[in-house]
$ cat target01.cif   # mmCIF, C-alpha atoms
data_data
loop_
_atom_site.label_atom_id
_atom_site.label_comp_id
_atom_site.auth_asym_id
_atom_site.auth_seq_id
_atom_site.Cartn_x
_atom_site.Cartn_y
_atom_site.Cartn_z
CA MET A 1 -41.07 -20.19 14.07
CA THR A 2 -39.18 -23.38 13.11
CA TRP A 3 -35.47 -23.95 13.69
CA ALA A 4 -34.90 -23.68 9.94
CA SER A 5 -36.64 -20.31 9.78
CA HIS A 6 -34.67 -19.08 12.79
CA THR A 7 -31.48 -20.13 11.05
CA ALA A 8 -32.46 -18.48 7.78
CA ALA A 9 -33.37 -15.25 9.55
CA PHE A 10 -30.06 -15.20 11.41
CA ALA A 11 -28.15 -15.86 8.20
CA GLY A 12 -29.91 -12.95 6.51
CA LEU A 13 -29.09 -10.58 9.38
CA ARG A 14 -25.49 -11.75 9.38
CA ALA A 15 -25.18 -11.20 5.64
CA ARG A 16 -26.57 -7.68 5.94
CA ALA A 17 -24.20 -6.93 8.82
CA LEU A 18 -21.23 -8.16 6.84
CA PHE A 19 -22.31 -6.04 3.86
CA ILE A 20 -22.42 -2.92 6.05
CA VAL A 21 -19.06 -3.63 7.66
CA CYS A 22 -17.40 -4.31 4.31
CA ALA A 23 -18.94 -1.21 2.76
CA LEU A 24 -17.50 0.88 5.58
CA PHE A 25 -14.09 -0.69 5.83
CA ALA A 26 -13.42 -2.12 2.34
CA CYS A 27 -13.13 -5.76 3.36
CA ALA A 28 -10.48 -7.64 1.44
CA PRO A 29 -11.17 -11.12 0.10
CA LEU A 30 -10.24 -13.86 2.54
CA ALA A 31 -7.45 -15.16 0.34
CA PHE A 32 -3.68 -15.23 0.43
CA ALA A 33 -1.38 -14.13 -2.38
CA ALA A 34 0.85 -17.17 -1.91
CA GLY A 35 -1.72 -19.83 -2.83
CA THR A 36 -1.45 -23.45 -1.72
CA PRO A 37 1.56 -23.93 0.63
CA VAL A 38 4.66 -25.58 -0.78
CA GLY A 39 4.89 -29.29 0.10
CA THR A 40 1.14 -29.80 0.19
CA VAL A 41 0.27 -33.28 -1.12
CA ILE A 42 -2.73 -33.36 -3.47
CA GLU A 43 -4.28 -36.81 -3.78
CA ASN A 44 -7.00 -38.04 -6.12
CA THR A 45 -8.86 -41.34 -6.38
CA ALA A 46 -11.70 -42.09 -8.81
CA THR A 47 -14.59 -44.49 -8.11
CA VAL A 48 -16.69 -46.46 -10.57
CA SER A 49 -20.03 -47.92 -9.46
CA PHE A 50 -21.97 -50.54 -11.44
CA ASP A 51 -24.18 -53.62 -11.09
CA LEU A 52 -22.68 -57.04 -11.59
CA ALA A 53 -25.31 -59.74 -12.05
CA GLY A 54 -27.68 -57.59 -10.03
CA THR A 55 -25.18 -56.89 -7.27
CA PRO A 56 -24.12 -53.28 -6.72
CA THR A 57 -20.34 -53.12 -7.07
CA THR A 58 -17.81 -50.33 -6.56
CA ILE A 59 -14.19 -50.26 -7.59
CA GLN A 60 -11.57 -47.57 -7.10
CA THR A 61 -8.69 -46.49 -9.24
CA ASN A 62 -5.18 -46.17 -7.95
CA THR A 63 -4.53 -42.94 -6.01
CA THR A 64 -2.44 -40.31 -7.75
CA THR A 65 -0.44 -37.83 -5.71
CA VAL A 66 1.40 -34.63 -6.50
CA THR A 67 3.42 -32.49 -4.12
CA VAL A 68 2.97 -28.76 -4.64
CA ALA A 69 6.23 -27.15 -5.74
CA GLU A 70 7.52 -23.83 -4.48
CA ARG A 71 6.64 -20.78 -6.57
CA ILE A 72 9.18 -17.95 -6.42
CA ASP A 73 7.57 -14.51 -6.57
CA VAL A 74 8.27 -11.14 -4.95
CA VAL A 75 6.74 -7.67 -5.04
CA VAL A 76 8.31 -4.36 -3.97
CA THR A 77 5.95 -1.50 -3.12
CA LEU A 78 6.86 2.16 -2.63
CA GLN A 79 5.37 3.53 0.60
CA SER A 80 6.80 7.06 0.54
CA ALA A 81 5.25 9.97 -1.24
CA GLN A 82 7.60 12.15 -3.27
CA ILE A 83 10.21 13.46 -0.79
CA GLN A 84 10.95 17.19 -0.81
CA VAL A 85 14.63 17.95 -0.24
CA LEU A 86 17.16 20.79 -0.21
CA PRO A 87 20.64 20.90 -1.76
CA SER A 88 23.19 19.07 0.43
CA ASP A 89 20.51 17.36 2.53
CA SER A 90 21.77 14.16 4.17
CA ASN A 91 20.19 10.87 5.25
CA ARG A 92 16.89 11.37 3.42
CA GLU A 93 15.02 8.09 3.40
CA LEU A 94 12.52 6.44 1.08
CA LEU A 95 10.33 3.66 2.50
CA PHE A 96 9.50 0.46 0.60
CA THR A 97 7.80 -2.85 1.44
CA VAL A 98 9.17 -6.15 0.16
CA THR A 99 6.55 -8.93 0.07
CA ASN A 100 7.06 -12.61 -0.62
CA THR A 101 4.14 -13.45 -2.93
CA GLY A 102 5.35 -16.98 -3.50
CA ASN A 103 3.99 -19.98 -1.60
CA GLY A 104 7.10 -20.96 0.36
CA THR A 105 9.74 -19.41 2.60
CA GLU A 106 12.32 -17.47 0.61
CA ALA A 107 15.38 -15.32 1.30
CA PHE A 108 15.90 -12.14 -0.70
CA SER A 109 18.97 -10.03 -1.38
CA LEU A 110 18.49 -6.26 -1.54
CA SER A 111 20.29 -3.63 -3.61
CA ILE A 112 20.12 0.09 -4.37
CA ASP A 113 20.47 1.77 -7.77
CA ASN A 114 20.64 5.55 -8.17
CA LEU A 115 21.85 5.66 -11.79
CA LEU A 116 18.37 5.74 -13.31
CA ALA A 117 17.10 7.34 -16.49
CA GLY A 118 14.35 9.94 -16.47
CA ASP A 119 15.47 12.15 -13.57
CA ASP A 120 17.59 15.29 -13.17
CA PHE A 121 20.20 14.18 -10.64
CA ASP A 122 21.59 11.05 -9.00
CA PRO A 123 21.12 10.85 -5.24
CA ILE A 124 24.26 9.83 -3.33
CA ALA A 125 23.81 6.56 -1.46
CA ALA A 126 24.59 6.87 2.23
CA ILE A 127 26.85 4.31 3.92
CA PRO A 128 25.09 2.09 4.72
CA ALA A 129 22.30 2.85 2.27
CA ILE A 130 19.73 0.19 3.19
CA TYR A 131 18.02 -0.22 6.57
CA PHE A 132 15.17 -2.32 7.92
CA ASP A 133 12.37 -0.37 9.63
CA THR A 134 13.07 -2.42 12.75
CA ASP A 135 10.90 -0.33 15.08
CA ALA A 136 8.04 -0.06 12.53
CA SER A 137 7.99 3.72 12.96
CA GLY A 138 7.96 4.58 9.26
CA ASP A 139 10.92 6.92 9.84
CA LEU A 140 14.64 6.21 10.01
CA THR A 141 15.69 6.05 13.67
CA GLY A 142 18.63 4.81 15.70
CA ALA A 143 16.71 1.61 16.40
CA ASP A 144 16.64 0.58 12.74
CA GLN A 145 19.03 -2.18 11.65
CA ALA A 146 21.38 -1.69 8.72
CA TYR A 147 21.25 -4.29 5.95
CA ALA A 148 24.42 -6.22 5.15
CA PRO A 149 24.23 -8.25 1.90
CA GLY A 150 24.62 -11.95 2.53
CA VAL A 151 24.60 -11.45 6.30
CA ASN A 152 21.03 -10.52 7.21
CA ASP A 153 19.13 -11.02 3.97
CA PRO A 154 15.43 -11.00 4.89
CA VAL A 155 13.91 -14.48 5.04
CA LEU A 156 10.17 -14.21 4.44
CA ALA A 157 7.45 -16.81 4.81
CA ALA A 158 4.72 -16.93 2.19
CA ASP A 159 2.77 -13.64 2.20
CA ALA A 160 5.13 -12.09 4.76
CA SER A 161 6.73 -8.69 4.17
CA VAL A 162 9.41 -6.39 5.53
CA ASP A 163 9.71 -2.60 5.40
CA VAL A 164 12.99 -1.27 4.02
CA PHE A 165 14.55 2.21 3.80
CA LEU A 166 16.83 3.51 1.09
CA VAL A 167 18.92 6.32 2.55
CA ASN A 168 20.53 8.98 0.35
CA ASP A 169 22.32 12.31 0.46
CA ILE A 170 21.38 15.10 -1.97
CA PRO A 171 24.10 16.74 -4.15
CA ALA A 172 24.95 20.38 -3.51
CA GLY A 173 24.41 21.66 -7.05
CA VAL A 174 20.72 20.81 -7.50
CA VAL A 175 18.09 23.52 -8.04
CA ASN A 176 14.37 23.90 -7.48
CA GLY A 177 12.29 21.41 -9.41
CA ASN A 178 15.10 18.91 -9.97
CA ARG A 179 14.09 15.30 -9.40
CA GLY A 180 16.28 12.38 -8.37
CA ARG A 181 15.34 8.70 -8.27
CA SER A 182 16.52 5.84 -6.08
CA GLU A 183 15.53 2.22 -6.75
CA LEU A 184 15.25 -0.80 -4.46
CA THR A 185 15.63 -4.27 -5.97
CA ALA A 186 14.73 -7.50 -4.15
CA THR A 187 16.09 -10.71 -5.66
CA SER A 188 15.24 -14.29 -4.73
CA ALA A 189 18.17 -16.17 -3.22
CA THR A 190 17.02 -19.42 -4.84
CA GLY A 191 17.19 -17.90 -8.30
CA THR A 192 15.55 -15.78 -10.96
CA GLY A 193 14.59 -16.22 -14.57
CA ALA A 194 11.70 -16.29 -16.98
CA ALA A 195 8.39 -17.51 -15.60
CA GLY A 196 8.52 -21.30 -15.45
CA THR A 197 12.27 -21.56 -14.85
CA GLU A 198 12.86 -24.62 -12.66
CA TYR A 199 15.30 -25.05 -9.78
CA ALA A 200 15.19 -28.78 -9.11
CA GLY A 201 15.11 -29.76 -5.45
CA GLN A 202 15.74 -26.21 -4.20
CA GLY A 203 12.30 -25.46 -2.77
CA ASP A 204 11.18 -25.92 0.84
CA GLY A 205 11.65 -29.51 1.98
CA GLY A 206 13.56 -30.42 -1.17
CA VAL A 207 10.69 -29.97 -3.62
CA ASP A 208 11.29 -28.22 -6.92
CA ALA A 209 11.17 -24.43 -7.04
CA ILE A 210 9.53 -22.74 -10.03
CA VAL A 211 9.96 -19.07 -10.91
CA GLY A 212 6.63 -17.26 -11.07
CA THR A 213 5.41 -14.32 -13.11
CA THR A 214 7.54 -11.76 -11.25
CA THR A 215 10.70 -13.59 -12.44
CA GLY A 216 11.87 -13.84 -8.83
CA GLU A 217 13.00 -10.22 -8.79
CA ALA A 218 11.22 -6.90 -8.33
CA ALA A 219 12.39 -3.28 -8.45
CA VAL A 220 10.62 0.01 -7.71
CA PHE A 221 12.03 3.54 -7.44
CA GLY A 222 11.13 6.43 -5.19
CA GLU A 223 11.71 10.08 -6.01
CA TYR A 224 13.18 13.17 -4.41
CA VAL A 225 12.23 16.66 -5.60
CA VAL A 226 14.28 19.74 -4.78
CA SER A 227 12.25 22.58 -3.29
CA ASP A 228 13.29 25.54 -1.16
CA ALA A 229 9.64 25.73 -0.11
CA GLN A 230 8.88 22.64 1.96
CA VAL A 231 5.16 21.86 1.86
CA ALA A 232 3.71 19.69 4.64
CA VAL A 233 0.14 18.42 4.27
CA THR A 234 -1.70 16.45 6.94
CA LYS A 235 -5.26 15.18 7.15
CA GLY A 236 -7.35 14.24 10.16
CA GLN A 237 -10.92 13.10 10.69
CA ALA A 238 -13.54 13.07 13.42
CA VAL A 239 -16.67 10.88 13.36
CA LEU A 240 -20.01 11.77 14.95
CA ASP A 241 -22.76 9.17 14.70
CA PRO A 242 -26.53 9.94 14.91
CA PHE A 243 -26.59 8.83 18.55
CA GLY A 244 -23.86 11.15 19.78
CA GLY A 245 -21.13 8.52 19.59
CA THR A 246 -18.15 8.09 17.32
CA GLN A 247 -19.06 4.91 15.43
CA PRO A 248 -18.66 5.02 11.60
CA ILE A 249 -22.15 3.75 10.80
CA PRO A 250 -24.49 4.84 7.99
CA GLY A 251 -25.77 8.32 8.76
CA ALA A 252 -22.68 9.31 10.73
CA THR A 253 -20.88 12.55 9.87
CA ILE A 254 -17.15 12.68 9.20
CA THR A 255 -15.41 16.04 9.59
CA TYR A 256 -12.19 16.17 7.60
CA THR A 257 -9.47 18.65 8.56
CA ILE A 258 -6.55 19.27 6.19
CA THR A 259 -3.63 21.50 7.14
CA VAL A 260 -1.05 22.90 4.73
CA GLN A 261 2.15 24.54 5.95
CA VAL A 262 5.11 25.89 3.99
CA THR A 263 8.56 26.18 5.53
CA GLY A 264 11.93 27.09 4.04
CA THR A 265 12.98 30.19 2.16
CA GLY A 266 10.90 29.77 -0.98
CA THR A 267 7.29 30.28 -2.06
CA ALA A 268 4.83 27.65 -3.24
CA THR A 269 2.97 29.63 -5.88
CA ALA A 270 -0.64 29.09 -6.97
CA SER A 271 -1.17 26.40 -4.31
CA THR A 272 -4.44 24.49 -4.73
CA LEU A 273 -5.91 21.79 -2.50
CA SER A 274 -8.11 19.11 -4.08
CA ASP A 275 -9.86 16.36 -2.13
CA ALA A 276 -12.21 13.87 -3.79
CA ILE A 277 -15.26 12.90 -1.75
CA PRO A 278 -14.76 9.29 -0.57
CA THR A 279 -16.81 6.46 -2.04
CA TYR A 280 -19.79 5.47 0.15
CA SER A 281 -20.15 9.02 1.44
CA THR A 282 -21.93 12.26 0.46
CA TYR A 283 -20.68 15.82 0.88
CA VAL A 284 -22.62 17.93 3.37
CA PRO A 285 -23.50 21.17 1.55
CA ASN A 286 -22.06 24.46 2.83
CA THR A 287 -19.60 22.89 5.28
CA LEU A 288 -16.43 23.99 3.47
CA THR A 289 -14.21 26.41 5.40
CA LEU A 290 -10.73 27.91 5.05
CA ASN A 291 -9.11 29.03 8.29
CA SER A 292 -12.58 28.89 9.91
CA ALA A 293 -14.08 31.25 7.30
CA ALA A 294 -17.01 29.80 5.33
CA LEU A 295 -16.55 29.18 1.61
CA SER A 296 -19.45 28.71 -0.78
CA ASP A 297 -19.92 25.53 -2.78
CA ALA A 298 -20.38 27.53 -5.98
CA ILE A 299 -17.60 27.79 -8.56
CA GLY A 300 -15.80 31.09 -9.05
CA ASP A 301 -17.21 33.33 -6.30
CA ASP A 302 -14.46 32.74 -3.70
CA ALA A 303 -11.40 30.58 -3.03
CA GLY A 304 -13.33 27.33 -2.66
CA GLU A 305 -15.90 25.18 -4.42
CA PHE A 306 -17.57 21.80 -4.56
CA ASP A 307 -16.81 20.61 -8.07
CA THR A 308 -19.28 18.03 -9.42
CA ALA A 309 -18.18 18.10 -13.05
CA GLY A 310 -16.47 14.72 -12.66
CA THR A 311 -15.73 12.92 -9.43
CA PRO A 312 -17.22 15.12 -6.68
CA THR A 313 -14.26 17.04 -5.31
CA ILE A 314 -13.55 19.81 -2.82
CA VAL A 315 -11.25 22.45 -4.32
CA VAL A 316 -9.62 25.29 -2.35
CA ARG A 317 -7.22 27.76 -3.98
CA LEU A 318 -4.70 28.68 -1.30
CA GLY A 319 -2.65 31.02 -3.48
CA ASP A 320 1.05 31.80 -2.93
CA LEU A 321 2.27 30.31 0.35
CA ASN A 322 5.51 30.83 2.23
CA LEU A 323 6.77 30.60 5.79
CA ALA A 324 5.00 33.82 6.73
CA SER A 325 1.63 32.46 5.54
CA GLY A 326 1.38 30.16 8.53
CA ILE A 327 -0.78 27.06 8.68
CA GLN A 328 -3.72 26.92 6.26
CA THR A 329 -6.63 24.84 7.56
CA VAL A 330 -9.42 23.46 5.36
CA GLU A 331 -12.43 21.64 6.78
CA PHE A 332 -15.52 20.01 5.31
CA GLN A 333 -17.99 17.26 6.19
CA VAL A 334 -19.43 14.16 4.59
CA THR A 335 -22.06 11.69 5.73
CA ILE A 336 -21.67 7.92 5.43
CA ASP A 337 -24.26 6.60 2.99
#
$ encode --input "target01.cif" --output "C-alpha cells"
Amino acid sequence: MTWASHTAAFAGLRARALFIVCALFACAPLAFAAGTPVGTVIENTATVSFDLAGTPTTIQTNTTTVTVAERIDVVVTLQSAQIQVLPSDSNRELLFTVTNTGNGTEAFSLSIDNLLAGDDFDPIAAIPAIYFDTDASGDLTGADQAYAPGVNDPVLAADASVDVFLVNDIPAGVVNGNRGRSELTATSATGTGAAGTEYAGQGDGGVDAIVGTTTGEAAVFGEYVVSDAQVAVTKGQAVLDPFGGTQPIPGATITYTITVQVTGTGTATASTLSDAIPTYSTYVPNTLTLNSAALSDAIGDDAGEFDTAGTPTIVVRLGDLNLASGIQTVEFQVTID
C-alpha cells in the first residue's frame, strides 16, 4: 500500500470516528460566538501579472488595512426551571447566565425587575438581591459574592460568561397556582442603542465600538409558582456496553431512572410523567417499570405506555401524589443506535 493510500485510509477511519463521537455527544461547531477579535488588522494586497515585450512582469497594488472594531453584544440565559415556593418563603433564588457575545472585553451592569406584566404577584427582592455563583455550585451559598452596582460589575472577555442569582422573598398572601416573575437585565457599560450605534474610540485599544443586534442589553425573567405540594423530580442513567463496560458506544444500553417525590401539605393531582426517547437511541420493548412493577407498552391497559403516535415517548400516570405517597420510581431502557 502506498503512503497516499495509507493516508486516505487513516483519514476515512478518523472521519468515521468523529461521526460516531459527534452522534453520541452532539459535537458543537468549532466556532466562537464573538467572531474575529477586536483590534485584528485585516490587510489586502492585489497582484497583476502580465507580459511586457515578452518579459513576465508582476506589479502589486497598495496594501489596504482595516482594524476590526469592537461589537457590543450580550445574551442572558435562564438556567433555573420554574421554582416552586410557599407563601412567606425567603431567599429563593433563580439562576441565570450572562454571556458576552461581542468580540471584545466588556463590562456589564446588572439589575433586577420584579414589576412585570403577565404574572399573579410581585416577588420581593432580597437585600442584596443579586449574587454571583462564586463557588459554581448552582445554589446560593455563603461562598457566593453579592453584586454591588458600579463596584464589581462583571468584566467579560469575548465569549466568556458568568452565572448570576436573583434572590427574592415570596409575599404572605399568595395562593396555590399563583405565579411571580423576576427579571435580570445585563447592560453594556460602553453603551446601548439600536444595532449599528457607534461609540467612537471606546472599544478595546481605542478602536470604535459598534452596538450589535442585541442592542448591548439583554433581559430574561424566571418564574416562581406557589404550590403547597412541592414536587421534586430527578433523573439518573446507567450505561452498559456490549462488552460489559460502561462506554456509550453504539449497541450500549442506557437504563434511565426517574424519581418523583411530593412534600408539603398539599396533593399533586393527576400527576403524569412523560419522557421522550432521546435522538440516536431506540426504546427497549417491555422495560418500563413503576416502583419495580412491570408496565406494558400498550396504551390503556395499565398506568404506563410507550406512545408512538408522535415523538416516541414513555408515559406513566402516577395519579394523586402527596407526602404519604413516598418516592415514585420509573425505569426504562434504550439502546444507542
$ closest_residue --input "target01.cif" --among "A:Leu95, A:Ala136, A:Val330, A:Val211" --to "Phe165 of chain A" --atoms "only C-alpha atoms"
A:Leu95
$ closest_residue --input "target01.cif" --among "A:Ser90, A:Asn286, A:Ala125, A:Ile254" --to "Pro242 of chain A" --atoms "all atoms listed in the file"
A:Ile254
$ residues_around --input "target01.cif" --residues "Asp113 of chain A" --least-positions-apart "4" --cutoff "12 Å" --atoms "all atoms listed in the file" --output "list in words"
Ala117, Asp122, Pro123, Ile124, Ala125, Ala126, Ala129, Ile130, Leu166, Val167, Asn168, Gly180, Arg181, Ser182, Glu183, Leu184, Thr185, Ala186, Ala219, Val220, Phe221 and Gly222 of chain A
$ closest_residue --input "target01.cif" --among "A:Thr55, A:Ser111, A:Asn178, A:Thr101" --to "Leu156 of chain A" --atoms "all atoms listed in the file"
A:Thr101
$ atom_distance --input "target01.cif" --atom1 "atom CA of Thr77 of chain A" --atom2 "atom CA of Asp120 of chain A"
22.8 Å
$ closest_residue --input "target01.cif" --among "A:Asp73, A:Asp89, A:Asp228, A:Asp133" --to "Asp169 of chain A" --atoms "all atoms listed in the file"
A:Asp89
$ atom_distance --input "target01.cif" --atom1 "atom CA of Gly205 of chain A" --atom2 "atom CA of Pro37 of chain A"
11.6 Å
$ resolve_selection --input "target01.cif" --expression "the PyMOL selection byres ((chain A and resi 141) around 12)" --output "list in words"
Asn91, Arg92, Glu93, Tyr131, Phe132, Asp133, Thr134, Asp135, Ala136, Ser137, Gly138, Asp139, Leu140, Gly142, Ala143, Asp144, Gln145, Ala146, Phe165 and Val167 of chain A
$ residues_around --input "target01.cif" --residues "Ser325 of chain A" --least-positions-apart "5" --cutoff "10 Å" --atoms "all atoms listed in the file" --output "list in words"
Val260, Gln261, Val262, Thr263, Thr267 and Asp320 of chain A
$ atom_distance --input "target01.cif" --atom1 "atom CA of Glu43 of chain A" --atom2 "atom CA of Thr63 of chain A"
6.5 Å
$ residues_around --input "target01.cif" --residues "Phe96 of chain A" --least-positions-apart "6" --cutoff "7 Å" --atoms "all atoms listed in the file" --output "PyMOL selection string"
chain A and resi 76-79+163-165
$ residues_near_point --input "target01.cif" --point "(-17.6, 28.5, -7.2)" --cutoff "12 Å" --atoms "only C-alpha atoms" --output "list of chain:residue names"
A:Asn286, A:Leu288, A:Leu295, A:Ser296, A:Asp297, A:Ala298, A:Ile299, A:Gly300, A:Asp301, A:Asp302, A:Ala303, A:Gly304, A:Glu305, A:Phe306, A:Asp307, A:Thr308, A:Ala309, A:Ile314, A:Val315, A:Val316, A:Arg317
$ decode --input "target01.cif" --residues "segment 260-296 of chain A" --atoms "C-alpha atoms" --output "PDB file, in the first residue's frame"
ATOM      1  CA  VAL A 260     -40.820  11.767  41.725  1.00  0.00           C
ATOM      2  CA  GLN A 261     -41.428  12.853  45.308  1.00  0.00           C
ATOM      3  CA  VAL A 262     -44.054  15.175  46.747  1.00  0.00           C
ATOM      4  CA  THR A 263     -43.526  17.016  50.024  1.00  0.00           C
ATOM      5  CA  GLY A 264     -45.562  19.693  51.781  1.00  0.00           C
ATOM      6  CA  THR A 265     -49.161  19.643  52.905  1.00  0.00           C
ATOM      7  CA  GLY A 266     -50.879  19.552  49.522  1.00  0.00           C
ATOM      8  CA  THR A 267     -51.628  16.996  46.805  1.00  0.00           C
ATOM      9  CA  ALA A 268     -50.378  16.971  43.233  1.00  0.00           C
ATOM     10  CA  THR A 269     -53.440  15.607  41.476  1.00  0.00           C
ATOM     11  CA  ALA A 270     -53.465  13.603  38.233  1.00  0.00           C
ATOM     12  CA  SER A 271     -49.649  13.509  38.109  1.00  0.00           C
ATOM     13  CA  THR A 272     -48.274  12.194  34.812  1.00  0.00           C
ATOM     14  CA  LEU A 273     -44.662  11.580  33.827  1.00  0.00           C
ATOM     15  CA  SER A 274     -43.685  11.934  30.157  1.00  0.00           C
ATOM     16  CA  ASP A 275     -40.198  11.245  28.809  1.00  0.00           C
ATOM     17  CA  ALA A 276     -39.388  11.429  25.090  1.00  0.00           C
ATOM     18  CA  ILE A 277     -36.962   8.797  23.821  1.00  0.00           C
ATOM     19  CA  PRO A 278     -33.654  10.568  23.052  1.00  0.00           C
ATOM     20  CA  THR A 279     -32.496  11.068  19.478  1.00  0.00           C
ATOM     21  CA  TYR A 280     -29.958   8.442  18.329  1.00  0.00           C
ATOM     22  CA  SER A 281     -31.496   5.820  20.606  1.00  0.00           C
ATOM     23  CA  THR A 282     -34.274   3.197  20.486  1.00  0.00           C
ATOM     24  CA  TYR A 283     -36.597   2.138  23.286  1.00  0.00           C
ATOM     25  CA  VAL A 284     -36.115  -1.426  24.521  1.00  0.00           C
ATOM     26  CA  PRO A 285     -39.582  -3.030  24.492  1.00  0.00           C
ATOM     27  CA  ASN A 286     -41.127  -4.151  27.785  1.00  0.00           C
ATOM     28  CA  THR A 287     -38.545  -2.470  30.033  1.00  0.00           C
ATOM     29  CA  LEU A 288     -40.912   0.086  31.576  1.00  0.00           C
ATOM     30  CA  THR A 289     -41.467  -0.261  35.330  1.00  0.00           C
ATOM     31  CA  LEU A 290     -43.120   1.739  38.109  1.00  0.00           C
ATOM     32  CA  ASN A 291     -41.783   1.075  41.600  1.00  0.00           C
ATOM     33  CA  SER A 292     -40.185  -2.130  40.229  1.00  0.00           C
ATOM     34  CA  ALA A 293     -43.529  -3.431  38.907  1.00  0.00           C
ATOM     35  CA  ALA A 294     -43.610  -4.100  35.148  1.00  0.00           C
ATOM     36  CA  LEU A 295     -45.855  -1.933  32.982  1.00  0.00           C
ATOM     37  CA  SER A 296     -46.914  -2.914  29.481  1.00  0.00           C
TER      38      SER A 296
END
